[in-house]
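**Q** My questions will all concern the structure given below.
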Amino acid sequence: MTSIAPLMETFLRNTFACQRGASRHRRDSYASSFQLLFLFAADRLKVKPSALTLEQRCRARQRLPRAS
């Protein structure tokens, strides 16, 4: 299973900061938003936030009702 945490850290620190030139404030804002999202997902899936995987996120997304 693929852990989400290292992927998000790489995105925020390397891709978002270096390649896209995002400011520290923007990176902090994104990190905070993702933290809230992962807390919500972890609560919904009954796992610790640090234990979330991409596979779980995909399964959870399939269970959400479709927007009309």
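So you can find residues: chains in the structure tokens are A, B, ... in the order shown, residues in each start at 1, and ligands are numbered from 1 in order.
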Assign secondary structure with DSSP using the backbone only, and return the residues of chain A in alpha helix (DSSP H) as an NGL selection string.

**A** :A and (4-10 or 24-45 or 54-63)

**Q** At a cut-off of 8 Å, using only C-alpha atoms, what residues contact segment 45-50 of chain A? Leave out same-chain residues fewer than 6 positions from it and give the result as a list of chain:residue names.

**A**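 The residues satisfying every condition are A:Ser3, A:Ala5, A:Phe38, A:Leu39, A:Gln56, A:Ala60.
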
**Q** Keeping only N, CA and C atoms, write the selected residues as a compact mmCIF listing (two decimals), in the first residue's frame.

**A**
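So result_34.txt came out as:
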```txt
# COMPACT_ATOMS: atom_id res chain seq x y z
N SER A 3 1.59 4.94 1.15
CA SER A 3 1.27 5.95 2.15
C SER A 3 1.17 7.32 1.50
N ALA A 5 1.37 10.31 3.18
CA ALA A 5 2.20 11.33 3.83
C ALA A 5 3.48 11.67 3.06
N PHE A 38 -7.26 15.08 5.65
CA PHE A 38 -6.81 13.77 6.10
C PHE A 38 -7.42 13.41 7.45
N LEU A 39 -7.63 14.39 8.32
CA LEU A 39 -8.31 14.11 9.59
C LEU A 39 -9.74 13.64 9.33
N GLN A 56 -6.94 3.51 0.06
CA GLN A 56 -8.09 3.83 0.90
C GLN A 56 -8.80 5.07 0.39
N ALA A 60 -12.69 5.23 -0.69
CA ALA A 60 -13.59 6.19 -0.04
C ALA A 60 -14.26 7.08 -1.08
```

**Q** Any idea what's packed within 12 Å of Glu9 of chain A, counting only C-alpha atoms, ignoring anything in its chain fewer than 3 positions away? Could you give it as a PyMOL selection string?

**A** chain A and resi 3-6+12-17+27-28+30-31+34-35

**Q** Would you save the residues of that selection, restricted to C-alpha atoms, as a tab-separated table (two decimals), in the first residue's frame?

**A**
```tsv
chain	number	residue	atom	x	y	z
A	3	SER	CA	1.27	5.95	2.15
A	4	ILE	CA	-0.03	9.43	1.37
A	5	ALA	CA	2.20	11.33	3.83
A	6	PRO	CA	5.53	11.06	1.93
A	12	LEU	CA	4.54	20.61	-0.78
A	13	ARG	CA	8.30	20.90	-0.25
A	14	ASN	CA	9.68	20.16	-3.69
A	15	THR	CA	7.11	20.40	-6.47
A	16	PHE	CA	4.95	23.17	-5.09
A	17	ALA	CA	7.78	25.24	-3.62
A	27	ARG	CA	2.48	26.12	1.23
A	28	ASP	CA	1.39	26.46	4.87
A	30	TYR	CA	-2.20	24.04	1.53
A	31	ALA	CA	-0.62	21.93	4.29
A	34	PHE	CA	-4.67	18.82	3.52
A	35	GLN	CA	-4.34	18.17	7.25
```

**Q** How many Å separate atom CA of Ala42 of chain A from atom CA of Thr2 of chain A?

**A**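 Pair atom CA of Ala42 of chain A / atom CA of Thr2 of chain A returns 15.1 Å.
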
**Q** For atom CA of Leu36 of chain A and atom CA of Cys18 of chain A, determine how far apart the two atoms are, in Å to one decimal place.

**A**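 Calculated distance between atom CA of Leu36 of chain A and atom CA of Cys18 of chain A is 24.0 Å.
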